[in-house]
Number of protein chains: 2
Amino acid sequence: MNYLDFDKTGAYKKLSDLAAKGKTFDSGALLTAERVVSSIAPMAGGLSYSWAAKAADPALLSALQNLSEEQELIGKYNALLDGETMNTGEGRKVLHHLLRGQAGRRVSHEGKDIGSFYRLELDRFSAFAENVHNGNIRGSTGKRFTAAVQIGIGGSDLGPRALYLALEQWAAAEGRRRLRGAFISNVDPDDAAQTAASVPLDETLFILVSKSGTTQETLANELFVKEKLLKAGLDPSKHLVAVTSETSPLSHNPAYLDSFYIDDFIGGRYSSTSAAGGVILSLAFGPDTFKELLDGAGEADALALEPDILKNAALLDALIGVWERNFLNYPATAVLPYSQALSRFPAHLQQLDMESNGKRVNRNGQRINYATGPVVFGEPGTNGQHSFYQLLHQGASIVPLQFVGFTESQLREDISVENSTSQAKLNANLAAQIVAFAKGKTDSNRNKEFPGCRPSSLIYGKRLTPKALGALLAHFENKVMFQGFIWNLNSFDQEGVQLGKLLAKKVLSGDAGDDALKAYAKLLGV
Amino acid sequence: MNYLDFDKTGAYKKLSDLAAKGKTFDSGALLTAERVVSSIAPMAGGLSYSWAAKAADPALLSALQNLSEEQELIGKYNALLDGETMNTGEGRKVLHHLLRGQAGRRVSHEGKDIGSFYRLELDRFSAFAENVHNGNIRGSTGKRFTAAVQIGIGGSDLGPRALYLALEQWAAAEGRRRLRGAFISNVDPDDAAQTAASVPLDETLFILVSKSGTTQETLANELFVKEKLLKAGLDPSKHLVAVTSETSPLSHNPAYLDSFYIDDFIGGRYSSTSAAGGVILSLAFGPDTFKELLDGAGEADALALEPDILKNAALLDALIGVWERNFLNYPATAVLPYSQALSRFPAHLQQLDMESNGKRVNRNGQRINYATGPVVFGEPGTNGQHSFYQLLHQGASIVPLQFVGFTESQLREDISVENSTSQAKLNANLAAQIVAFAKGKTDSNRNKEFPGCRPSSLIYGKRLTPKALGALLAHFENKVMFQGFIWNLNSFDQEGVQLGKLLAKKVLSGDAGDDALKAYAKLLGV
């Protein structure tokens with residue numbers, strides 16, 4: 001495989017030549033009904049990717065197809081699936097796809113079949129969840145568990161929390177709610193205190209998630225919760241399970257009711273389909289629900305092997321994103337789900353994307369001189385319309401938009417006002433926004449003028465089911481992976497989070513070293 | 001008063017000359033303990049604004065002081081306080097400061113003393129809240145109210161919700177919790193269904209907030225809730241109050257238990273200190289709590305009249321932000337509160353800033369050709385460290401950072417692990433991040449190298465009380481106002497949200513007009 005910096009490719013040169021035209025491209029004029037119907041790439045889980053409102057004409061699409069081939073994007077994805085060391089800095093394989101089938105391939109490491117290990121853990125926590133549901137496993141007073149609270153931070157929090165919220169109402173409508181879920185992440189003691197106070201402790205199972213078993217914030221929150229349990233006369237070891245690696249201090253530890261394992265081949269932000277997300281989702285909604293999510297993700301992973309960019313939504317999304325970032329120079333991207341259930345999904349994508357591709361060295365640790373991952377932000381649907389859409393429509397900068405929408409609501413409780421349901425209003429607004437951003441509006445009053453040509457794509461489906469959610473999750477994981485390949489990055493490490501941790505430890509040890517750091521600590525009462 | 005486009009000022013030219021030096025400025029080297037201690041501007045409510053880690057040297061500060069004077073920022077603020085028509089596009093005064101004292105000034109409009117009107121409404125909803133608390137006002141079955149649910153969107157949701165969450169734990173610790181609060185905003189029917197199911201309907205008071213009384217999403221959610229109440233055998237008119245304008249169809253309407261009024265001089269995103277925020281905050285935490293918040297905001301408004309930029313935190317913050325946006329070309333800003341209570345404060349600031357200054361025409365409706373408001377995003381404290389901070393530290397783009405931190409937690413429940421409390425860990429991390437961003441770290445492994453020179457400021461105080469929160473809110477309102485003056489914008493309208501609304505109505509009327517719009521509506525099942 002050929003690992004080239006992006007600006008050393010022929011495709012980079014070709015795209016640079018197209019850029020001047022791209023900047024004046026009238027995507028609004030291009031947007032006909034015919035284009036809307038024909039510019040759709042299939043996704044897994046019953047979803048589709050509509051790119052009609054992107055400023056992409058045949059010349060650009062052809063250049064992007066060439067880029068995909070020149071940077072061997074499918075070849076690199078295959079190498080990753082075959083277990084090559086794609087996390088170069090840390091010398092690790094990257095195996096989150098193996099949690100949901102690895103497109104049928106097996107991966108061994110030092111003689112061990114990793115897929116068997118992952119499946120065993122899935123079976124173990126599925127059985128554990130069933131034992132909790134049927135009352136075989138109970139709290140220390142003999143009461144059944146009614147709540148599950150995850151204690152984790154970063155990837156052990158954002159992805160699992162986003163998925164939990166995405167399915168909570170669906171599960172209620174489908175009769176699949178088992179335990180109520182909640183999350184503690186921030187080391188701010190108010191977070192743990194507030195969440196612990198919101199659940200009946202004698203009926204609550206806490207899930208401690210830390211791959212290393214040494215995450216400062218998570219361990220502090222664990223101890224906070226343990227003290228609460230002790231004060232309530234409960235036995236913490238009957239109210240806690242751990243999700244960690246087998247080499248961590250938490251593993252095989254009698255302090256926990258049970259422990260479920262992940263390994264170094266699953267990065268934090270890619271761990272939602274491992275035990276890090278699976279334990280709480282299986283407890284909350286049943287193991288079958290979690291397995292349906294895995295099915296959707298697995299299907300998406302298989303689809304992402306398609307070399308034709310018009311038939312591979314993750315690949316196309318990645319390529320258009322790079323075009324917008326490097327050649328149209330758009331620094332940020334907004335994720336705008338028209339679905340209340342996806343309220344925290346943008347926060348997960350923010351981590352996934354910014355932590356993976358917010359880099360300035362290539363996979364070999366050499367400085368690169370082109371833009372990489374954008375700033376990612378977003379809020380749900382119509383709420384954003386009444387807020388920051390002003391800048392998106394009429395601001396000085398252009399921000400590409402990723403819309404998500406579903407034909408049906410999750411709870412299927414609705415009301416008709418002025419001849420339309422709320423769901424119809426929601427989706428009418430979504431359709432309207434896409435066209436408003438693309439086509440704009442001229443007006444003799446320039447304050448009421450909309451420039452248009454503000455590109456967006458739309459992921460849509462019938463309903464946000466577990467399978468659709470798994471497909472959505474994997475779509476973005478694979479998109480980010482392909483962008484990392486284009487930029488020649490290692491998308492799987494995060495050295496940028498280390499320095500702050502190190503300095504914080506120095507402050508807490510009483511020897512901050514740096515005088516300015518001491519002065520700041522003093523301002524803050526440390 | 002002289003209203004000049006920014007690029008026509010002498011200060012613009014001067015700052016352009018400083019820009020080349022600014023881009024290579026080593027803010028890390030500048031950051032000594034002495035600078036940390038001396039670079040602090042006072043704020044109201046016991047807060048302080050620390051700008052030591054901004055790349056600001058005396059030459060820059062002097063140019064910014066000149067800019068403030070040339071663009072008559074204090075003069076324009078005075079004009080606003082004196083009731084001039086500062087919302088030029090809509091021909092309106094801008095009077096949210098008058099909700100908390102207007103720095104002592106009176107404003108009349110068409111012979112009416114507006115301050116008296118605002119004070120009357122404050123008195124009315126304070127008394128209403130007290131009557132709910134003491135049981136004089138009860139639900140239709142005679143039960144006391146225990147929950148208050150706000151139905152609103154945009155400014156009728158984001159600000160009030162952020163403030164509610166900011167004070168919920170403080171109020172619990174101080175014995176000031178009266179009613180539980182909740183919010184319905186999204187027209188996605190799952191939002192209303194989920195929230196309505198989470199409260200005891202017979203003990204719930206719903207607060208409908210819509211200035212115009214015609215907000216489509218809010219009226220749909222109101223009807224959804226009314227049907228729920230009717231189905232539960234309750235009388236909706238005994239469970240609903242309205243916050244609206246006196247000219248709206250909701251005013252003086254027997255469908256509501258009571259109505260509280262705002263007027264056209266209070267923009268949605270500036271309405272948190274009006275009845276739009278005051279009713280729910282007074283119900284939830286008592287009128288005194290809300291009045292303390294107003295005191296903090298009023299103090300901040302008075303401080304913002306100070307012409308010396310080093311003694312006026314809102315002004316200095318605004319000026320440095322413009323320097324970073326227009327001359328260092330940073331397109332986004334992150335708001336990073338190290339306080340779980342401020343979890344939704346960044347979403348409020350996102351609206352406040354992006355909707356106010358995301359514009360490309362000046363206050364007279366003429367096109368301008370310089371950057372205006374940045375993209376604003378953020379998440380609480382240490383959570384972000386385990387997520388998108390990777391890009392902030394090592395990404396290809398520089399994002400200025402606004403940190404917020406407090407010496408004490410709100411609940412004052414804490415635990416010591418390895419000789420430090422969680423609160424100490426939280427603040428050690430905050431101090432460490434500021435220094436890590438400013439100073440960076442060299443390393444022979446370039447993947448472990450941190451470039452530094454990434455500017456931040458810190459707002460800090462002892463504890464997030466109602467007064468501190470009011471000061472924090474007003475700080476950002478005034479910062480955004482000053483930036484609007486610098487850019488010569490009207491920061492108080494939002495024409496950019498109109499086109500989408502219009503097209504959505506066309507879709508729902510069955511005559512979308514545009515064929516592409518029809519095609520999108522069909523994809524989404526409308």
# chains A, B, ... in the order shown; residues from 1 in each chain; ligands from 1
$ residues_around --residues "Asn447 of chain B" --least-positions-apart "2" --cutoff "8 Å" --atoms "only C-alpha atoms" --output "MDAnalysis selection string"
(chainID A and resid 89 361 365:366 495) or (chainID B and resid 445 449)
$ write_last_selection --atoms "N, CA and C atoms" --output "PDB file, in the first residue's frame"
ATOM      1  N   GLY A  89       1.030   5.117  15.376  1.00  0.00           N
ATOM      2  CA  GLY A  89       1.743   5.709  16.509  1.00  0.00           C
ATOM      3  C   GLY A  89       1.810   4.764  17.696  1.00  0.00           C
ATOM      4  N   VAL A 361       0.144  16.136  11.965  1.00  0.00           N
ATOM      5  CA  VAL A 361       1.242  15.271  11.508  1.00  0.00           C
ATOM      6  C   VAL A 361       0.624  14.080  10.788  1.00  0.00           C
ATOM      7  N   GLY A 365       4.211  10.579  11.632  1.00  0.00           N
ATOM      8  CA  GLY A 365       4.698  11.607  12.544  1.00  0.00           C
ATOM      9  C   GLY A 365       5.402  12.766  11.869  1.00  0.00           C
ATOM     10  N   GLN A 366       5.179  12.952  10.561  1.00  0.00           N
ATOM     11  CA  GLN A 366       5.774  14.106   9.876  1.00  0.00           C
ATOM     12  C   GLN A 366       4.735  15.213   9.719  1.00  0.00           C
ATOM     13  N   GLU A 495      -2.805  11.827  20.800  1.00  0.00           N
ATOM     14  CA  GLU A 495      -1.711  12.369  21.617  1.00  0.00           C
ATOM     15  C   GLU A 495      -2.041  13.767  22.136  1.00  0.00           C
TER      16      GLU A 495
ATOM     17  N   ASN B 445       9.423  13.495  19.043  1.00  0.00           N
ATOM     18  CA  ASN B 445       8.340  12.832  18.327  1.00  0.00           C
ATOM     19  C   ASN B 445       7.298  13.899  17.996  1.00  0.00           C
ATOM     20  N   GLU B 449       4.175  16.576  19.916  1.00  0.00           N
ATOM     21  CA  GLU B 449       4.510  17.984  20.018  1.00  0.00           C
ATOM     22  C   GLU B 449       3.222  18.813  20.062  1.00  0.00           C
TER      23      GLU B 449
END
$ residues_around --residues "Leu122 of chain B" --least-positions-apart "3" --cutoff "12 Å" --atoms "only C-alpha atoms" --output "ChimeraX atom specification"
/B:98-100,115-119,125-129,243,259-262,273-279,281-282,287-288,290-291,294
$ residues_around --residues "segment 500-507 of chain A" --least-positions-apart "6" --cutoff "7 Å" --atoms "only C-alpha atoms" --output "tab-separated table (two decimals) with C-alpha atoms, in the first residue's frame"
chain	number	residue	atom	x	y	z
B	428	ALA	CA	-6.35	21.56	38.26
B	429	ASN	CA	-7.38	20.35	34.82
B	432	ALA	CA	-3.45	22.89	33.19
B	433	GLN	CA	-5.37	23.26	29.94
B	436	ALA	CA	-0.95	23.66	27.81
$ atom_distance --atom1 "atom CA of Gly452 of chain B" --atom2 "atom CA of Gly321 of chain B"
18.5 Å
$ closest_residue --among "B:Asp308, B:Glu174, B:Glu246, B:Glu292" --to "Gly213 of chain B" --atoms "only C-alpha atoms"
B:Glu246
$ select_by_dssp --residues "segment 70-198 of chain B" --states "alpha helix (DSSP H)" --output "ChimeraX atom specification"
/B:70,73-81,114-133,158-174,189-197
$ residues_around --residues "segment 22-28 of chain A" --least-positions-apart "3" --cutoff "8 Å" --atoms "only C-alpha atoms" --output "MDAnalysis selection string"
chainID A and resid 18:19 31 53:56 328 435 438:440 452:455
$ write_last_selection --atoms "C-alpha atoms" --output "CSV table (one decimal), in the first residue's frame"
chain,number,residue,atom,x,y,z
A,18,LEU,CA,-11.2,22.7,-10.1
A,19,ALA,CA,-11.4,24.9,-7.0
A,31,LEU,CA,-31.1,21.5,-7.9
A,53,ALA,CA,-27.7,19.7,-2.6
A,54,LYS,CA,-24.0,19.4,-2.6
A,55,ALA,CA,-22.1,21.4,-5.2
A,56,ALA,CA,-21.0,18.3,-7.1
A,328,LEU,CA,-13.4,25.5,-0.7
A,435,VAL,CA,-33.8,24.2,-0.5
A,438,ALA,CA,-29.2,25.8,-1.7
A,439,LYS,CA,-31.3,28.3,-3.7
A,440,GLY,CA,-31.4,31.3,-1.5
A,452,GLY,CA,-27.9,30.4,-1.3
A,453,CYS,CA,-25.2,28.0,-2.6
A,454,ARG,CA,-24.8,26.7,0.9
A,455,PRO,CA,-24.3,22.9,0.5
$ closest_residue --among "A:Arg367, A:Arg463, A:Arg92, A:Lys13" --to "chain B" --atoms "only C-alpha atoms"
A:Arg367
$ residues_around --residues "segment 150-165 of chain B" --least-positions-apart "5" --cutoff "6 Å" --atoms "only C-alpha atoms" --output "list in words"
His386 and Ser387 of chain A; Phe183, Ile184, Ser185, Phe206, Ile207, Leu208, Val209, Thr218, Gly268, Arg269, Ser272, Ala276, Gly277, Ala341, Arg344, Phe345 and His348 of chain B
$ write_last_selection --atoms "N, CA and C atoms" --output "PDB file, in the first residue's frame"
ATOM      1  N   HIS A 386     -34.337  28.126  15.018  1.00  0.00           N
ATOM      2  CA  HIS A 386     -34.672  29.314  15.803  1.00  0.00           C
ATOM      3  C   HIS A 386     -33.452  29.851  16.539  1.00  0.00           C
ATOM      4  N   SER A 387     -32.282  29.420  16.120  1.00  0.00           N
ATOM      5  CA  SER A 387     -31.088  29.820  16.852  1.00  0.00           C
ATOM      6  C   SER A 387     -29.979  30.178  15.856  1.00  0.00           C
TER       7      SER A 387
ATOM      8  N   PHE B 183     -38.723  21.250  29.966  1.00  0.00           N
ATOM      9  CA  PHE B 183     -38.843  22.082  28.764  1.00  0.00           C
ATOM     10  C   PHE B 183     -39.257  21.250  27.553  1.00  0.00           C
ATOM     11  N   ILE B 184     -40.139  21.805  26.751  1.00  0.00           N
ATOM     12  CA  ILE B 184     -40.517  21.209  25.466  1.00  0.00           C
ATOM     13  C   ILE B 184     -40.216  22.253  24.393  1.00  0.00           C
ATOM     14  N   SER B 185     -39.431  21.889  23.388  1.00  0.00           N
ATOM     15  CA  SER B 185     -39.111  22.874  22.357  1.00  0.00           C
ATOM     16  C   SER B 185     -39.297  22.339  20.950  1.00  0.00           C
ATOM     17  N   PHE B 206     -48.020  24.405  32.858  1.00  0.00           N
ATOM     18  CA  PHE B 206     -47.297  24.605  31.602  1.00  0.00           C
ATOM     19  C   PHE B 206     -47.195  26.099  31.307  1.00  0.00           C
ATOM     20  N   ILE B 207     -46.040  26.513  30.856  1.00  0.00           N
ATOM     21  CA  ILE B 207     -45.808  27.930  30.549  1.00  0.00           C
ATOM     22  C   ILE B 207     -45.570  28.040  29.046  1.00  0.00           C
ATOM     23  N   LEU B 208     -46.508  28.629  28.367  1.00  0.00           N
ATOM     24  CA  LEU B 208     -46.404  28.787  26.923  1.00  0.00           C
ATOM     25  C   LEU B 208     -45.694  30.099  26.634  1.00  0.00           C
ATOM     26  N   VAL B 209     -44.565  30.061  25.960  1.00  0.00           N
ATOM     27  CA  VAL B 209     -43.807  31.284  25.701  1.00  0.00           C
ATOM     28  C   VAL B 209     -43.675  31.530  24.203  1.00  0.00           C
ATOM     29  N   THR B 218     -44.385  25.966  18.700  1.00  0.00           N
ATOM     30  CA  THR B 218     -44.853  26.140  20.065  1.00  0.00           C
ATOM     31  C   THR B 218     -46.356  25.919  20.145  1.00  0.00           C
ATOM     32  N   GLY B 268     -35.886  37.727  21.220  1.00  0.00           N
ATOM     33  CA  GLY B 268     -35.969  36.371  21.775  1.00  0.00           C
ATOM     34  C   GLY B 268     -34.719  35.945  22.512  1.00  0.00           C
ATOM     35  N   ARG B 269     -33.566  36.089  21.875  1.00  0.00           N
ATOM     36  CA  ARG B 269     -32.315  35.616  22.482  1.00  0.00           C
ATOM     37  C   ARG B 269     -31.843  36.518  23.622  1.00  0.00           C
ATOM     38  N   SER B 272     -34.084  36.242  28.334  1.00  0.00           N
ATOM     39  CA  SER B 272     -33.975  35.403  29.536  1.00  0.00           C
ATOM     40  C   SER B 272     -34.276  36.169  30.821  1.00  0.00           C
ATOM     41  N   ALA B 276     -40.019  35.691  29.934  1.00  0.00           N
ATOM     42  CA  ALA B 276     -39.706  34.467  29.192  1.00  0.00           C
ATOM     43  C   ALA B 276     -38.808  33.532  30.009  1.00  0.00           C
ATOM     44  N   GLY B 277     -37.907  34.108  30.808  1.00  0.00           N
ATOM     45  CA  GLY B 277     -37.101  33.295  31.714  1.00  0.00           C
ATOM     46  C   GLY B 277     -37.599  33.403  33.147  1.00  0.00           C
ATOM     47  N   ALA B 341     -23.113  22.465  35.908  1.00  0.00           N
ATOM     48  CA  ALA B 341     -24.322  23.289  35.917  1.00  0.00           C
ATOM     49  C   ALA B 341     -24.466  24.109  34.638  1.00  0.00           C
ATOM     50  N   ARG B 344     -25.694  23.510  29.417  1.00  0.00           N
ATOM     51  CA  ARG B 344     -26.385  24.028  28.225  1.00  0.00           C
ATOM     52  C   ARG B 344     -26.117  25.516  27.994  1.00  0.00           C
ATOM     53  N   PHE B 345     -25.231  26.082  28.786  1.00  0.00           N
ATOM     54  CA  PHE B 345     -24.904  27.495  28.567  1.00  0.00           C
ATOM     55  C   PHE B 345     -24.247  27.722  27.197  1.00  0.00           C
ATOM     56  N   HIS B 348     -26.884  28.226  24.611  1.00  0.00           N
ATOM     57  CA  HIS B 348     -27.470  29.565  24.657  1.00  0.00           C
ATOM     58  C   HIS B 348     -26.546  30.583  23.994  1.00  0.00           C
TER      59      HIS B 348
END
$ select_by_dssp --residues "segment 181-295 of chain A" --states "strand (DSSP E)" --output "ChimeraX atom specification"
/A:181-184,204-209,240-245,258-262
$ write_last_selection --atoms "N, CA and C atoms" --output "short mmCIF file (atom, residue, chain, number, x, y, z; two decimals), in the first residue's frame"
data_model
loop_
_atom_site.label_atom_id
_atom_site.label_comp_id
_atom_site.auth_asym_id
_atom_site.auth_seq_id
_atom_site.Cartn_x
_atom_site.Cartn_y
_atom_site.Cartn_z
N GLY A 181 -31.76 4.15 32.13
CA GLY A 181 -30.33 4.44 32.05
C GLY A 181 -30.00 5.86 32.47
N ALA A 182 -28.80 6.05 33.00
CA ALA A 182 -28.31 7.40 33.30
C ALA A 182 -26.79 7.38 33.19
N PHE A 183 -26.17 8.54 33.20
CA PHE A 183 -24.73 8.65 32.92
C PHE A 183 -24.07 9.66 33.84
N ILE A 184 -22.88 9.31 34.31
CA ILE A 184 -22.03 10.24 35.07
C ILE A 184 -20.70 10.34 34.32
N THR A 204 -30.12 0.08 41.77
CA THR A 204 -29.28 0.61 40.69
C THR A 204 -27.99 -0.18 40.52
N LEU A 205 -27.72 -0.48 39.26
CA LEU A 205 -26.47 -1.11 38.88
C LEU A 205 -25.59 -0.06 38.22
N PHE A 206 -24.37 0.12 38.73
CA PHE A 206 -23.44 1.08 38.14
C PHE A 206 -22.47 0.33 37.22
N ILE A 207 -22.22 0.93 36.07
CA ILE A 207 -21.30 0.32 35.09
C ILE A 207 -20.09 1.23 34.98
N LEU A 208 -18.96 0.75 35.46
CA LEU A 208 -17.73 1.54 35.41
C LEU A 208 -17.01 1.23 34.11
N VAL A 209 -16.80 2.21 33.27
CA VAL A 209 -16.17 1.97 31.97
C VAL A 209 -14.86 2.75 31.85
N LEU A 240 -21.99 -2.95 41.24
CA LEU A 240 -21.04 -2.42 40.26
C LEU A 240 -20.56 -3.51 39.32
N VAL A 241 -20.55 -3.19 38.02
CA VAL A 241 -19.81 -4.03 37.07
C VAL A 241 -18.78 -3.15 36.38
N ALA A 242 -17.74 -3.80 35.82
CA ALA A 242 -16.68 -3.05 35.16
C ALA A 242 -16.61 -3.43 33.69
N VAL A 243 -16.31 -2.44 32.85
CA VAL A 243 -15.94 -2.69 31.46
C VAL A 243 -14.54 -2.13 31.32
N THR A 244 -13.60 -3.00 31.00
CA THR A 244 -12.20 -2.58 31.04
C THR A 244 -11.37 -3.54 30.18
N SER A 245 -10.04 -3.36 30.19
CA SER A 245 -9.21 -4.32 29.47
C SER A 245 -8.70 -5.36 30.47
N ASP A 258 -19.34 -8.36 38.14
CA ASP A 258 -18.81 -9.03 36.95
C ASP A 258 -17.99 -8.00 36.19
N SER A 259 -17.15 -8.48 35.26
CA SER A 259 -16.36 -7.57 34.42
C SER A 259 -16.44 -8.03 32.98
N PHE A 260 -16.51 -7.08 32.07
CA PHE A 260 -16.55 -7.39 30.65
C PHE A 260 -15.40 -6.67 29.97
N TYR A 261 -14.82 -7.34 28.95
CA TYR A 261 -13.52 -6.88 28.48
C TYR A 261 -13.52 -6.34 27.05
N ILE A 262 -12.70 -5.32 26.88
CA ILE A 262 -12.35 -4.83 25.55
C ILE A 262 -10.83 -4.85 25.48
#
$ residues_around --residues "Thr465 of chain B" --least-positions-apart "5" --cutoff "10 Å" --atoms "only C-alpha atoms" --output "list in words"
Gly45, Gly46, Ala166, Leu167, Trp170, Ala171, Thr289, Glu292, Leu293, Gly296, Gln410, Gly470 and Ala471 of chain B
$ closest_residue --among "B:Leu257, B:Ile309, B:Leu342, B:Val37" --to "chain A" --atoms "only C-alpha atoms"
B:Val37
$ atom_distance --atom1 "atom CA of Ala313 of chain B" --atom2 "atom CA of Asp295 of chain B"
17.5 Å
$ closest_residue --among "B:Ala347, B:Ala63, B:Ala512, B:Leu201" --to "Thr141 of chain B" --atoms "only C-alpha atoms"
B:Leu201
$ closest_residue --among "A:Gln394, A:Ser509, A:Gln494, A:Thr407" --to "Pro451 of chain A" --atoms "only C-alpha atoms"
A:Gln394
$ closest_residue --among "A:Phe403, A:Trp487, A:Tyr330, A:Phe450" --to "Ile434 of chain A" --atoms "only C-alpha atoms"
A:Phe403
$ residues_around --residues "segment 374-380 of chain A" --least-positions-apart "3" --cutoff "8 Å" --atoms "only C-alpha atoms" --output "list in words"
Arg325, Tyr330, Pro331, Ala332, Thr333, Ala334, Val335, Leu336, Pro337, Tyr338, Ser339, Gln340, Leu342, Ser343, Arg344, Pro346, Ala347, Leu349, Gln350, Asp353, Met354, Gly358, Asn383 and Gly384 of chain A; Asn186, Ala332 and Phe377 of chain B
$ atom_distance --atom1 "atom CA of Lys228 of chain A" --atom2 "atom CA of Ser420 of chain B"
18.1 Å
